[in-house]
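Shown next: entry.pdb, given as PDB, C-alpha atoms.
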```
ATOM      1  CA  MET A 282     -13.791  18.583   9.817
ATOM      2  CA  PHE A 283     -12.871  22.135   8.671
ATOM      3  CA  GLY A 284     -16.391  23.411   8.017
ATOM      4  CA  ASN A 285     -17.695  25.342   5.041
ATOM      5  CA  VAL A 286     -14.267  26.200   3.585
ATOM      6  CA  ASN A 287     -13.499  22.498   3.329
ATOM      7  CA  VAL A 288     -16.836  21.842   1.591
ATOM      8  CA  ASP A 289     -16.465  24.820  -0.758
ATOM      9  CA  LEU A 290     -12.941  23.751  -1.714
ATOM     10  CA  PHE A 291     -14.124  20.178  -2.191
ATOM     11  CA  TYR A 292     -16.785  21.311  -4.677
ATOM     12  CA  PHE A 293     -14.180  23.517  -6.399
ATOM     13  CA  PHE A 294     -11.873  20.527  -7.039
ATOM     14  CA  ASN A 295     -14.701  18.082  -7.686
ATOM     15  CA  HIS A 296     -16.567  20.292 -10.193
ATOM     16  CA  ASN A 297     -14.455  23.133 -11.611
ATOM     17  CA  PHE A 298     -11.778  20.985 -13.272
ATOM     18  CA  GLN A 299     -14.348  18.702 -14.881
ATOM     19  CA  ASN A 300     -13.401  17.658 -18.395
ATOM     20  CA  PRO A 301     -13.505  14.426 -20.441
ATOM     21  CA  ILE A 302      -9.749  13.783 -20.154
ATOM     22  CA  PHE A 303      -9.657  14.086 -16.357
ATOM     23  CA  ASP A 304     -12.889  12.076 -16.116
ATOM     24  CA  ALA A 305     -11.143   9.238 -17.947
ATOM     25  CA  VAL A 306      -7.666   9.530 -16.410
ATOM     26  CA  MET A 307      -8.176  10.490 -12.759
ATOM     27  CA  PRO A 308     -10.147   7.363 -11.766
ATOM     28  CA  ILE A 309      -7.151   5.314 -12.946
ATOM     29  CA  VAL A 310      -4.387   7.602 -11.648
ATOM     30  CA  THR A 311      -5.905   7.825  -8.167
ATOM     31  CA  HIS A 312      -5.245   4.128  -7.516
ATOM     32  CA  PHE A 313      -1.475   4.502  -8.096
ATOM     33  CA  GLY A 314      -1.266   6.304  -4.752
ATOM     34  CA  GLY A 315      -2.815   3.474  -2.785
ATOM     35  CA  PHE A 316      -1.109   1.442  -0.084
ATOM     36  CA  LYS A 317      -1.168  -1.822  -2.060
ATOM     37  CA  VAL A 318       0.378  -0.358  -5.209
ATOM     38  CA  LEU A 319       3.104   1.554  -3.398
ATOM     39  CA  ILE A 320       4.019  -1.349  -1.102
ATOM     40  CA  VAL A 321       4.515  -3.519  -4.189
ATOM     41  CA  VAL A 322       6.701  -0.788  -5.734
ATOM     42  CA  LEU A 323       8.817  -0.523  -2.579
ATOM     43  CA  ILE A 324       9.241  -4.290  -2.296
ATOM     44  CA  ALA A 325      10.124  -4.489  -6.000
ATOM     45  CA  ILE A 326      12.791  -1.799  -5.553
ATOM     46  CA  ILE A 327      14.223  -3.663  -2.555
ATOM     47  CA  ALA A 328      14.284  -6.939  -4.523
ATOM     48  CA  TYR A 329      15.928  -5.237  -7.508
ATOM     49  CA  ALA A 330      18.532  -3.569  -5.277
ATOM     50  CA  HIS A 331      19.252  -6.878  -3.571
ATOM     51  CA  LEU A 332      19.637  -8.769  -6.854
ATOM     52  CA  LYS A 333      21.861  -6.064  -8.399
ATOM     53  CA  ASP A 334      23.853  -5.567  -5.171
ATOM     54  CA  LYS A 335      22.917  -1.892  -4.975
ATOM     55  CA  LYS A 336      23.447  -1.428  -1.253
ATOM     56  CA  THR A 337      22.640   2.285  -1.052
ATOM     57  CA  LEU A 338      19.366   1.871  -2.945
ATOM     58  CA  LYS A 339      18.410  -1.124  -0.810
ATOM     59  CA  ARG A 340      19.211   0.666   2.461
ATOM     60  CA  ILE A 341      17.341   3.841   1.513
ATOM     61  CA  THR A 342      14.341   1.893   0.233
ATOM     62  CA  MET A 343      14.180  -0.171   3.437
ATOM     63  CA  PHE A 344      13.996   3.075   5.419
ATOM     64  CA  ALA A 345      11.435   4.442   2.943
ATOM     65  CA  LEU A 346       9.342   1.323   3.566
ATOM     66  CA  PHE A 347       9.590   1.878   7.319
ATOM     67  CA  ALA A 348       8.563   5.553   6.973
ATOM     68  CA  PHE A 349       5.717   4.523   4.660
ATOM     69  CA  LEU A 350       4.402   1.914   7.112
ATOM     70  CA  CYS A 351       4.696   4.219  10.135
ATOM     71  CA  SER A 352       2.861   7.027   8.349
ATOM     72  CA  ASP A 353       0.109   4.700   7.184
ATOM     73  CA  VAL A 354      -0.383   3.272  10.690
ATOM     74  CA  VAL A 355      -0.866   6.805  12.058
ATOM     75  CA  THR A 356      -3.407   7.511   9.312
ATOM     76  CA  ALA A 357      -5.305   4.267   9.955
ATOM     77  CA  ILE A 358      -5.512   5.012  13.675
ATOM     78  CA  LEU A 359      -6.716   8.573  13.066
ATOM     79  CA  LYS A 360      -9.308   7.406  10.529
ATOM     80  CA  HIS A 361     -10.864   5.098  13.109
ATOM     81  CA  LEU A 362     -10.640   7.609  15.948
ATOM     82  CA  ILE A 363     -12.103  10.552  14.011
ATOM     83  CA  MET A 364     -14.548   8.600  11.800
ATOM     84  CA  GLU A 365     -15.178  11.479   9.375
ATOM     85  CA  PRO A 366     -17.554  10.348   6.593
ATOM     86  CA  ARG A 367     -16.523  10.801   2.967
ATOM     87  CA  PRO A 368     -17.978  13.704   0.956
ATOM     88  CA  PHE A 369     -20.234  11.486  -1.137
ATOM     89  CA  VAL A 370     -21.827  10.156   2.070
ATOM     90  CA  THR A 371     -22.768  13.562   3.507
ATOM     91  CA  LEU A 372     -22.987  15.985   0.568
ATOM     92  CA  ASP A 373     -25.340  16.328  -2.370
ATOM     93  CA  ASN A 374     -24.186  16.743  -5.958
ATOM     94  CA  VAL A 375     -20.834  14.959  -5.586
ATOM     95  CA  ARG A 376     -19.248  13.744  -8.806
ATOM     96  CA  LEU A 377     -18.230  10.267  -7.620
ATOM     97  CA  LEU A 378     -16.049   8.684 -10.305
ATOM     98  CA  ILE A 379     -14.832   5.550  -8.485
ATOM     99  CA  VAL A 380     -16.304   2.905  -6.241
ATOM    100  CA  GLU A 381     -15.173   3.513  -2.673
ATOM    101  CA  THR A 382     -16.212   1.012  -0.020
ATOM    102  CA  ASP A 383     -14.395   2.554   2.958
ATOM    103  CA  PRO A 384     -16.753   5.162   4.467
ATOM    104  CA  LEU A 385     -13.988   6.941   6.432
ATOM    105  CA  SER A 386     -12.391  10.034   4.966
ATOM    106  CA  PHE A 387     -10.005  11.794   7.371
ATOM    107  CA  PRO A 388      -7.058  11.679   6.796
ATOM    108  CA  SER A 389      -6.468  10.509   3.236
ATOM    109  CA  GLY A 390      -4.557   7.225   3.192
ATOM    110  CA  HIS A 391      -3.655   7.538  -0.498
ATOM    111  CA  THR A 392      -2.173  10.960   0.143
ATOM    112  CA  THR A 393      -0.284   9.767   3.224
ATOM    113  CA  SER A 394       1.170   6.809   1.319
ATOM    114  CA  THR A 395       2.122   8.850  -1.713
ATOM    115  CA  VAL A 396       3.600  11.801   0.150
ATOM    116  CA  SER A 397       5.559   9.594   2.550
ATOM    117  CA  PHE A 398       6.976   7.596  -0.377
ATOM    118  CA  VAL A 399       7.852  10.704  -2.400
ATOM    119  CA  THR A 400       9.208  12.736   0.523
ATOM    120  CA  PHE A 401      11.587  10.001   1.602
ATOM    121  CA  PHE A 402      12.975   9.514  -1.885
ATOM    122  CA  VAL A 403      13.238  13.258  -2.577
ATOM    123  CA  LEU A 404      15.174  13.697   0.670
ATOM    124  CA  ASN A 405      17.616  11.024  -0.508
ATOM    125  CA  MET A 406      17.589  11.283  -4.297
ATOM    126  CA  LYS A 407      20.851  13.197  -4.523
ATOM    127  CA  GLU A 408      22.574  10.203  -2.913
ATOM    128  CA  LEU A 409      20.780   7.750  -5.228
ATOM    129  CA  ALA A 410      20.950   9.514  -8.591
ATOM    130  CA  LYS A 411      23.795  11.985  -8.509
ATOM    131  CA  LYS A 412      23.404  13.217 -12.100
ATOM    132  CA  HIS A 413      19.664  13.285 -12.688
ATOM    133  CA  TYR A 414      18.249  13.725  -9.206
ATOM    134  CA  LYS A 415      16.541  17.061  -9.995
ATOM    135  CA  ILE A 416      14.564  15.540 -12.865
ATOM    136  CA  ILE A 417      13.575  12.528 -10.761
ATOM    137  CA  ASP A 418      12.612  14.826  -7.868
ATOM    138  CA  ALA A 419      10.392  16.881 -10.200
ATOM    139  CA  VAL A 420       8.610  13.748 -11.460
ATOM    140  CA  LEU A 421       8.118  12.468  -7.906
ATOM    141  CA  ILE A 422       6.755  15.818  -6.720
ATOM    142  CA  LEU A 423       4.339  15.940  -9.664
ATOM    143  CA  PHE A 424       3.136  12.462  -8.616
ATOM    144  CA  ALA A 425       2.773  13.671  -5.011
ATOM    145  CA  VAL A 426       0.574  16.566  -6.148
ATOM    146  CA  THR A 427      -1.484  14.566  -8.647
ATOM    147  CA  ILE A 428      -2.666  11.875  -6.228
ATOM    148  CA  PRO A 429      -4.246  14.233  -3.639
ATOM    149  CA  PHE A 430      -5.820  16.245  -6.458
ATOM    150  CA  SER A 431      -7.232  13.031  -7.942
ATOM    151  CA  ARG A 432      -8.732  12.007  -4.590
ATOM    152  CA  MET A 433     -10.769  15.227  -4.490
ATOM    153  CA  TYR A 434     -11.535  15.159  -8.205
ATOM    154  CA  VAL A 435     -13.015  11.639  -8.056
ATOM    155  CA  GLY A 436     -15.155  12.660  -5.077
ATOM    156  CA  VAL A 437     -13.743  10.641  -2.177
ATOM    157  CA  HIS A 438     -11.820  13.215  -0.089
ATOM    158  CA  TYR A 439     -12.130  16.725   1.242
ATOM    159  CA  PRO A 440      -9.162  19.102   0.941
ATOM    160  CA  GLY A 441      -8.646  18.829   4.716
ATOM    161  CA  ASP A 442      -8.291  15.059   4.340
ATOM    162  CA  VAL A 443      -5.527  15.330   1.763
ATOM    163  CA  LEU A 444      -3.812  18.158   3.636
ATOM    164  CA  ALA A 445      -3.711  16.058   6.815
ATOM    165  CA  GLY A 446      -2.513  13.019   4.854
ATOM    166  CA  ALA A 447       0.261  15.107   3.302
ATOM    167  CA  VAL A 448       1.384  16.436   6.684
ATOM    168  CA  ILE A 449       1.462  12.914   8.156
ATOM    169  CA  GLY A 450       3.388  11.603   5.145
ATOM    170  CA  ILE A 451       5.929  14.430   5.236
ATOM    171  CA  LEU A 452       6.453  14.165   9.002
ATOM    172  CA  GLY A 453       6.755  10.377   8.909
ATOM    173  CA  ALA A 454       9.319  10.448   6.118
ATOM    174  CA  TRP A 455      11.231  13.349   7.639
ATOM    175  CA  LEU A 456      11.415  11.742  11.103
ATOM    176  CA  VAL A 457      12.611   8.388   9.797
ATOM    177  CA  ASN A 458      15.114  10.099   7.517
ATOM    178  CA  ARG A 459      16.322  12.336  10.358
ATOM    179  CA  TYR A 460      17.109   9.376  12.606
ATOM    180  CA  ARG A 461      18.130   6.748  10.023
ATOM    181  CA  THR A 462      21.820   7.481  10.466
ATOM    182  CA  ARG A 463      21.527   6.226  14.059
ATOM    183  CA  VAL A 464      20.412   2.802  12.803
ATOM    184  CA  ARG A 465      23.031   0.465  11.434
ATOM    185  CA  ALA A 466      21.608  -1.135   8.278
TER     186      ALA A 466
END
```
Step by step, read the file and then write its structure as structure tokens.
Amino acid sequence: MFGNVNVDLFYFFNHNFQNPIFDAVMPIVTHFGGFKVLIVVLIAIIAYAHLKDKKTLKRITMFALFAFLCSDVVTAILKHLIMEPRPFVTLDNVRLLIVETDPLSFPSGHTTSTVSFVTFFVLNMKELAKKHYKIIDAVLILFAVTIPFSRMYVGVHYPGDVLAGAVIGILGAWLVNRYRTRVRA
């Protein structure tokens, strides 16, 4: 979608960081940013908050779930409208480290899911964890950087895919957060 720069950057991330540790870890890590994993995490947080009567956590997580779903719907629609093939479908010499059955690449759903999830919680962490919110924010941001990197490293996304997924995730989380005070929860 972005031409030669996108391809050159893809090869940079897919080849230049190659090492035995990343080859072992990134194929596992990349799946933690997927829709199914993160939806289970969000539902588990909501269930925990409900059981422990943590109203603020429950309310914020419900809005995070809404932002997450909205962002992922936008990504799914764009994927099927744009129909950009994955790098391993169109390029030679791709280091493909996972099995990927979905042939559509743009935008990255894993990145959208992860960035939406992280952005919403970072925007609200000070309210949730008054003492340790900076540490939690740092861990969440590291997660939000690792997943897009892993998607390129394992050979399933171009940099433009993850950039677009990140923008969608940030905008989705920001918009829901911006207007959540207008909704009585």
Considering only C-alpha atoms, can you say which of A:Val426, A:Val399, A:Leu409, A:Ala345 comes closest to Arg461 of chain A?
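Ranking A:Val426, A:Val399, A:Leu409, A:Ala345 by distance to Arg461 of chain A, first place goes to A:Ala345.
Excluding Pro440 of chain A itself and same-chain residues fewer than 4 positions from it, the residues having an atom within 10 Å of it are Phe283, Val286, Asn287, Val288, Asp289, Leu290, Phe291, Tyr292, Phe293, Phe294, Phe387, Pro388, Ser389, Pro429, Phe430, Arg432, Met433, Leu444, Ala445 and Gly446 of chain A, counting only C-alpha atoms.
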Please provide the set of residues having any atom within 12 Å of Ile449 of chain A, restricted to only C-alpha atoms, with same-chain residues fewer than 4 positions apart removed, written as a VMD selection string.
chain A and resid 348 to 359 387 to 398 400 442 to 445 453 to 456
If we count only C-alpha atoms, what is near Thr371 of chain A at a cut-off of 12 Å, once residues fewer than 4 positions away on the same chain are taken out, given as a PyMOL selection string?
chain A and resi 288+365-367+375+384-386+436-439
Å distance separating atom CA of Lys335 of chain A from atom CA of Ile451 of chain A, one decimal place:
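Calculated distance between atom CA of Lys335 of chain A and atom CA of Ile451 of chain A is 25.7 Å.
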Translate the PyMOL selection byres ((chain A and resi 403) around 10) into a concrete residue list for this structure, as JSON, numbers by chain.
{"A": [397, 398, 399, 400, 401, 402, 404, 405, 406, 407, 408, 409, 414, 415, 417, 418, 419, 421, 422, 454]}
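Between Val322 of chain A and the residues A:Leu362, A:Val380, A:Met343, A:Val370, the shortest atom-to-atom distance, using only C-alpha atoms, involves A:Met343.
Taking atom CA of Ile324 of chain A and atom CA of Phe347 of chain A as the two end points, the separation is 11.4 Å.
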Just give me the gap between atom CA of Phe344 of chain A and atom CA of Arg463 of chain A in Å, one decimal is fine.
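Atom CA of Arg463 of chain A lies 11.9 Å from atom CA of Phe344 of chain A.
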Nearest to Ala447 of chain A by atom-to-atom distance, counting all atoms listed in the file, from A:Leu338, A:Arg459, A:Ala425, A:Phe303:
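Distance minimum relative to Ala447 of chain A lands on A:Ala425.
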